[in-house]
Amino acid sequence: METTTQTQTPNSTNEPAWSALVGENNWAGLLDPLDVHLRTLILRCGDFCQGTYDAFNNDANSKYAGSSRYGHANFFDKVMLQDAANYEIASFLYATAQVSVPEAFLLHSMSRESWDRESNWIGYVAVTTDQYSKSIGRREIYVAWRGTTRNYEWVNVLGAELVSAEQLLRPENNNTVNKTGADAGGGGASSSSDEEEEDDKMPKVMRGWLSMYTSDDSKSAFTKLSARDQLVTKINELRDKYKGEKLSIALTGHSLGASLAVVSGFDLVENGVTDIPVAAFVFGCPQVGNKAFKTRISTHPNLRIMHIKNTIDMIPHYPGRLLGYRNIGTDVVIDTRKSPYLKDSKDPGDWHNLQAMLHVVAGWNGEEGEFELKVKRSVALVNKSCDFLKTECSVPALWWVEKNKGMVRDENGEWVLAPPADEDLPVPEY
């Protein structure tokens, strides 16, 4: 079975307006069948997500565990992004948390010489280059959040408690949400039923997502500003730098990273980014918030969320409606069982695998249609971090690894972990 397929290149003469591709009218007319230009954009966002996995140093033996293996300058070349020359890193993002989070999400080095004991690299902000922006007539800003490659162990660790998103709300909205019966002229103490009603009106999100997004740590040179403040600072800088250009922001993430993409996208439009399109393209996203959070998102006409989910993946159903959570965004439901290249796997991790989802997006022709690759994409990418391809594809499992797992022979003939090149050393952004 061949693992590469020659397919049609999207024709720019038939391309929908960029505003339509980033969600104007909720992608009406572009989803069934899946428009080839939208399909290409979804895959690009997925590849930005994959870059966070491919670059993440998850070797706890390394003193740089929890950082990016690659620096700004050649990041996209080193993760082998298609059309890498069209994009450049504007900033890395780092996170910490004030609640317990899974080690696969915030990983700490076992070395006494660790680069940082409090923080992890959590993603990046990227922009289209000057040359590419000129050729397409717009400046695209992308925000990619890292998830976890260990798919399910975080479910029981992180917990599902909903907490108030009050700190993300504009002050005037905050005051409106928090009005009690007495504040509204009701006269007298509010009843428990009043409190429950007000509680239902308060947007809430899962504690773990909010903590990772908003926590800072004065002991860390990398998270003196929270991930939230790092992002907002950089977005404001870019909006000012490219003032007068046609701007858009696309946020993306897979699994836990998808949740951060939703939360941060909401935060941006809630607090001032109201004049340009903001879209979140998320993959295998757990449920993020309650009904009031979903309602508040719908009040922002420039924010659109697309959720690409595998119909047999369990993560998008977690934590669940009974715990107060609601689905958010426009669903694009695919089915990995449609692909003739994939095994009949019973492993939930395969069902949630990002590259498997991207493979199916590339060949998706609807629930009733047959799988047929519509854009050129190597099938071999599926096995980057899993063993989901059929044996006849002749692709090794889990093939994306550092050469010799980063070991080199030093001048004394000893095998040691190689230090990063100077350009790849982690450097505080703020």
# chains A, B, ... in the order shown; residues from 1 in each chain; ligands from 1
call {"tool": "residues_around", "arguments": {"residues": "Ser133 in chain A", "least_positions_apart": "4", "cutoff": "10 Å", "atoms": "only C-alpha atoms", "output": "PyMOL selection string"}}
result
chain A and resi 86-87+127-129+137-140+245-247
call {"tool": "write_last_selection", "arguments": {"atoms": "N, CA and C atoms", "output": "CSV table (one decimal), in the first residue's frame"}}
result
chain,number,residue,atom,x,y,z
A,86,ASN,N,7.2,30.4,4.9
A,86,ASN,CA,6.1,31.4,4.9
A,86,ASN,C,5.8,31.9,6.3
A,87,TYR,N,6.4,31.3,7.3
A,87,TYR,CA,6.0,31.6,8.7
A,87,TYR,C,7.2,31.9,9.6
A,127,VAL,N,3.7,34.4,12.9
A,127,VAL,CA,3.0,35.3,11.9
A,127,VAL,C,3.5,34.9,10.5
A,128,THR,N,2.8,35.2,9.5
A,128,THR,CA,3.3,35.1,8.1
A,128,THR,C,4.4,36.1,7.9
A,129,THR,N,5.4,35.7,7.1
A,129,THR,CA,6.5,36.6,6.8
A,129,THR,C,6.1,37.8,6.0
A,137,GLY,N,-1.8,39.3,0.6
A,137,GLY,CA,-2.6,40.5,0.9
A,137,GLY,C,-3.2,40.6,2.3
A,138,ARG,N,-2.5,39.9,3.2
A,138,ARG,CA,-3.0,39.9,4.6
A,138,ARG,C,-1.9,39.4,5.5
A,139,ARG,N,-2.0,39.7,6.8
A,139,ARG,CA,-1.1,39.2,7.8
A,139,ARG,C,-1.8,38.2,8.7
A,140,GLU,N,-1.4,37.0,8.7
A,140,GLU,CA,-2.0,36.0,9.5
A,140,GLU,C,-1.2,35.8,10.8
A,245,GLU,N,-2.5,46.8,8.2
A,245,GLU,CA,-2.6,45.6,7.4
A,245,GLU,C,-3.9,44.8,7.7
A,246,LYS,N,-4.3,44.0,6.8
A,246,LYS,CA,-5.5,43.1,7.0
A,246,LYS,C,-5.1,42.0,8.0
A,247,LEU,N,-5.5,42.0,9.2
A,247,LEU,CA,-5.1,41.1,10.2
A,247,LEU,C,-6.1,40.0,10.5
call {"tool": "residues_around", "arguments": {"residues": "Pro203 in chain A", "least_positions_apart": "6", "cutoff": "6 Å", "atoms": "only C-alpha atoms", "output": "JSON, numbers by chain"}}
result
{"A": [165, 292, 293]}
call {"tool": "closest_residue", "arguments": {"among": "A:Lys204, A:Arg228, A:Lys234, A:Lys374", "to": "Ala126 in chain A", "atoms": "only C-alpha atoms"}}
result
A:Lys234
call {"tool": "select_by_dssp", "arguments": {"residues": "range 10-109 of chain A", "states": "strand (DSSP E or B)", "output": "list in words"}}
result
Leu31, Leu34, Phe56, Ser68, Tyr87, Glu88, Ile89, Ala90, Ser91, Phe92, Leu93, Tyr94 and Ala95 of chain A
call {"tool": "write_last_selection", "arguments": {"atoms": "all heavy atoms", "output": "compact mmCIF listing (two decimals), in the first residue's frame"}}
result
# COMPACT_ATOMS: atom_id res chain seq x y z
N LEU A 31 -18.64 23.12 4.63
CA LEU A 31 -18.36 21.94 5.46
C LEU A 31 -18.78 20.62 4.82
O LEU A 31 -18.17 19.58 5.09
CB LEU A 31 -19.03 22.10 6.82
CG LEU A 31 -18.56 23.29 7.66
CD1 LEU A 31 -19.33 23.36 8.97
CD2 LEU A 31 -17.07 23.21 7.92
N LEU A 34 -16.49 19.20 2.33
CA LEU A 34 -15.47 20.03 2.94
C LEU A 34 -14.68 20.75 1.85
O LEU A 34 -14.02 20.11 1.03
CB LEU A 34 -14.55 19.17 3.81
CG LEU A 34 -13.53 19.89 4.70
CD1 LEU A 34 -14.22 20.84 5.66
CD2 LEU A 34 -12.71 18.87 5.49
N PHE A 56 8.86 19.48 21.55
CA PHE A 56 8.88 19.42 23.01
C PHE A 56 9.91 18.41 23.51
O PHE A 56 9.94 17.26 23.06
CB PHE A 56 7.49 19.04 23.52
CG PHE A 56 7.36 19.06 25.02
CD1 PHE A 56 7.60 20.21 25.74
CD2 PHE A 56 6.96 17.92 25.71
CE1 PHE A 56 7.46 20.24 27.12
CE2 PHE A 56 6.82 17.94 27.08
CZ PHE A 56 7.07 19.10 27.79
N SER A 68 11.41 23.74 24.61
CA SER A 68 11.43 23.43 23.18
C SER A 68 12.85 23.03 22.78
O SER A 68 13.82 23.67 23.18
CB SER A 68 10.99 24.64 22.36
OG SER A 68 11.21 24.41 20.98
N TYR A 87 6.38 31.32 7.32
CA TYR A 87 5.98 31.63 8.70
C TYR A 87 7.21 31.86 9.57
O TYR A 87 8.28 31.29 9.31
CB TYR A 87 5.14 30.49 9.29
CG TYR A 87 3.96 30.13 8.40
CD1 TYR A 87 4.05 29.10 7.47
CD2 TYR A 87 2.79 30.87 8.46
CE1 TYR A 87 2.99 28.79 6.64
CE2 TYR A 87 1.72 30.57 7.62
CZ TYR A 87 1.83 29.54 6.70
OH TYR A 87 0.79 29.25 5.87
N GLU A 88 7.05 32.67 10.59
CA GLU A 88 8.14 32.90 11.53
C GLU A 88 7.59 33.01 12.95
O GLU A 88 6.45 33.44 13.16
CB GLU A 88 8.91 34.18 11.17
CG GLU A 88 8.09 35.44 11.16
CD GLU A 88 8.85 36.63 10.57
OE1 GLU A 88 9.84 36.40 9.85
OE2 GLU A 88 8.43 37.77 10.83
N ILE A 89 8.40 32.58 13.91
CA ILE A 89 8.01 32.64 15.31
C ILE A 89 8.09 34.09 15.79
O ILE A 89 9.11 34.77 15.61
CB ILE A 89 8.91 31.75 16.19
CG1 ILE A 89 8.76 30.28 15.80
CG2 ILE A 89 8.60 31.96 17.67
CD1 ILE A 89 7.43 29.66 16.14
N ALA A 90 7.02 34.56 16.40
CA ALA A 90 7.03 35.89 17.01
C ALA A 90 7.36 35.80 18.50
O ALA A 90 7.99 36.71 19.05
CB ALA A 90 5.67 36.57 16.83
N SER A 91 6.96 34.70 19.14
CA SER A 91 7.21 34.55 20.57
C SER A 91 6.91 33.12 20.98
O SER A 91 5.99 32.49 20.45
CB SER A 91 6.32 35.51 21.36
OG SER A 91 6.50 35.35 22.75
N PHE A 92 7.67 32.60 21.94
CA PHE A 92 7.31 31.37 22.62
C PHE A 92 6.43 31.72 23.82
O PHE A 92 6.50 32.83 24.36
CB PHE A 92 8.56 30.63 23.10
CG PHE A 92 9.26 29.83 22.04
CD1 PHE A 92 10.55 29.33 22.27
CD2 PHE A 92 8.65 29.54 20.83
CE1 PHE A 92 11.20 28.58 21.30
CE2 PHE A 92 9.30 28.78 19.86
CZ PHE A 92 10.58 28.31 20.10
N LEU A 93 5.62 30.75 24.23
CA LEU A 93 4.76 30.91 25.39
C LEU A 93 5.15 29.87 26.44
O LEU A 93 5.42 28.71 26.10
CB LEU A 93 3.29 30.72 25.00
CG LEU A 93 2.74 31.71 23.97
CD1 LEU A 93 1.36 31.26 23.48
CD2 LEU A 93 2.67 33.12 24.54
N TYR A 94 5.17 30.29 27.70
CA TYR A 94 5.51 29.40 28.81
C TYR A 94 4.40 29.43 29.85
O TYR A 94 3.71 30.43 30.01
CB TYR A 94 6.84 29.83 29.44
CG TYR A 94 8.02 29.69 28.51
CD1 TYR A 94 8.37 30.72 27.64
CD2 TYR A 94 8.76 28.51 28.47
CE1 TYR A 94 9.45 30.58 26.77
CE2 TYR A 94 9.83 28.37 27.61
CZ TYR A 94 10.17 29.40 26.75
OH TYR A 94 11.22 29.25 25.89
N ALA A 95 4.24 28.31 30.55
CA ALA A 95 3.15 28.22 31.52
C ALA A 95 3.62 27.55 32.80
O ALA A 95 4.58 26.78 32.82
CB ALA A 95 1.97 27.43 30.93
call {"tool": "residues_around", "arguments": {"residues": "Val262 in chain A", "least_positions_apart": "6", "cutoff": "8 Å", "atoms": "only C-alpha atoms", "output": "MDAnalysis selection string"}}
result
chainID A and resid 251 280 282 288 305
call {"tool": "write_last_selection", "arguments": {"atoms": "C-alpha atoms", "output": "PDB file, in the first residue's frame"}}
result
ATOM      1  CA  LEU A 251      -5.665  29.801  17.595  1.00  0.00           C
ATOM      2  CA  ALA A 280     -10.030  28.701  16.946  1.00  0.00           C
ATOM      3  CA  VAL A 282      -9.276  22.756  17.770  1.00  0.00           C
ATOM      4  CA  VAL A 288     -14.195  23.627  28.451  1.00  0.00           C
ATOM      5  CA  ILE A 305     -14.627  28.031  16.985  1.00  0.00           C
TER       6      ILE A 305
END
call {"tool": "residues_around", "arguments": {"residues": "Tyr341 in chain A", "least_positions_apart": "2", "cutoff": "6 Å", "atoms": "only C-alpha atoms", "output": "compact mmCIF listing (two decimals) with N, CA and C atoms, in the first residue's frame"}}
result
# COMPACT_ATOMS: atom_id res chain seq x y z
N SER A 339 -10.84 5.31 6.92
CA SER A 339 -9.60 5.25 6.15
C SER A 339 -9.16 3.81 5.92
N LEU A 389 -1.05 2.75 11.55
CA LEU A 389 -1.12 2.36 10.14
C LEU A 389 -1.06 0.84 9.99
N LYS A 390 -1.74 0.35 8.95
CA LYS A 390 -1.69 -1.07 8.65
C LYS A 390 -0.27 -1.50 8.30
call {"tool": "residues_around", "arguments": {"residues": "Trp145 in chain A", "least_positions_apart": "3", "cutoff": "9 Å", "atoms": "only C-alpha atoms", "output": "PyMOL selection string"}}
result
chain A and resi 48-49+52+93+122-125+251-254+256-261
call {"tool": "write_last_selection", "arguments": {"atoms": "C-alpha atoms", "output": "compact mmCIF listing (two decimals), in the first residue's frame"}}
result
# COMPACT_ATOMS: atom_id res chain seq x y z
CA PHE A 48 1.15 24.00 13.82
CA CYS A 49 -0.16 21.89 16.73
CA THR A 52 4.54 21.72 19.56
CA LEU A 93 4.76 30.91 25.39
CA ILE A 122 3.51 25.59 26.22
CA GLY A 123 3.35 26.90 22.66
CA TYR A 124 4.08 29.85 20.43
CA VAL A 125 2.79 32.83 18.48
CA LEU A 251 -5.67 29.80 17.60
CA THR A 252 -5.15 26.07 17.53
CA GLY A 253 -4.49 23.15 19.84
CA HIS A 254 -5.08 19.45 20.32
CA LEU A 256 -5.51 19.92 26.46
CA GLY A 257 -4.00 22.46 24.08
CA ALA A 258 -7.38 22.75 22.37
CA SER A 259 -8.93 23.81 25.68
CA LEU A 260 -6.32 26.55 26.06
CA ALA A 261 -7.06 27.70 22.50
call {"tool": "residues_around", "arguments": {"residues": "range 308-321 of chain A", "least_positions_apart": "2", "cutoff": "6 Å", "atoms": "only C-alpha atoms", "output": "ChimeraX atom specification"}}
result
/A:283-287,323-326,332-335,351-352
call {"tool": "closest_residue", "arguments": {"among": "A:Asn61, A:Thr336, A:Gln82, A:Ser378", "to": "Leu417 in chain A", "atoms": "only C-alpha atoms"}}
result
A:Asn61
call {"tool": "select_by_dssp", "arguments": {"residues": "range 236-401 of chain A", "states": "alpha helix (DSSP H)", "output": "VMD selection string"}}
result
chain A and resid 236 to 241 256 to 270 291 to 298 348 to 351 354 to 363
call {"tool": "atom_distance", "arguments": {"atom1": "CA of Lys376 in chain A", "atom2": "CA of Lys403 in chain A"}}
result
27.2 Å
call {"tool": "closest_residue", "arguments": {"among": "A:Trp415, A:Tyr64, A:Trp209, A:Trp399", "to": "Ser119 in chain A", "atoms": "only C-alpha atoms"}}
result
A:Tyr64
call {"tool": "closest_residue", "arguments": {"among": "A:Ser255, A:Gln355, A:Asn236, A:Ser135", "to": "Lys384 in chain A", "atoms": "only C-alpha atoms"}}
result
A:Gln355
call {"tool": "closest_residue", "arguments": {"among": "A:Gly272, A:Gly363, A:Gly66, A:Pro301", "to": "Asn26 in chain A", "atoms": "only C-alpha atoms"}}
result
A:Pro301
call {"tool": "closest_residue", "arguments": {"among": "A:Val163, A:Leu81, A:Val205, A:Ala60", "to": "Trp115 in chain A", "atoms": "only C-alpha atoms"}}
result
A:Ala60
call {"tool": "atom_distance", "arguments": {"atom1": "CA of Gly208 in chain A", "atom2": "CA of Lys63 in chain A"}}
result
25.8 Å
call {"tool": "atom_distance", "arguments": {"atom1": "CA of Met206 in chain A", "atom2": "CA of Met306 in chain A"}}
result
19.5 Å
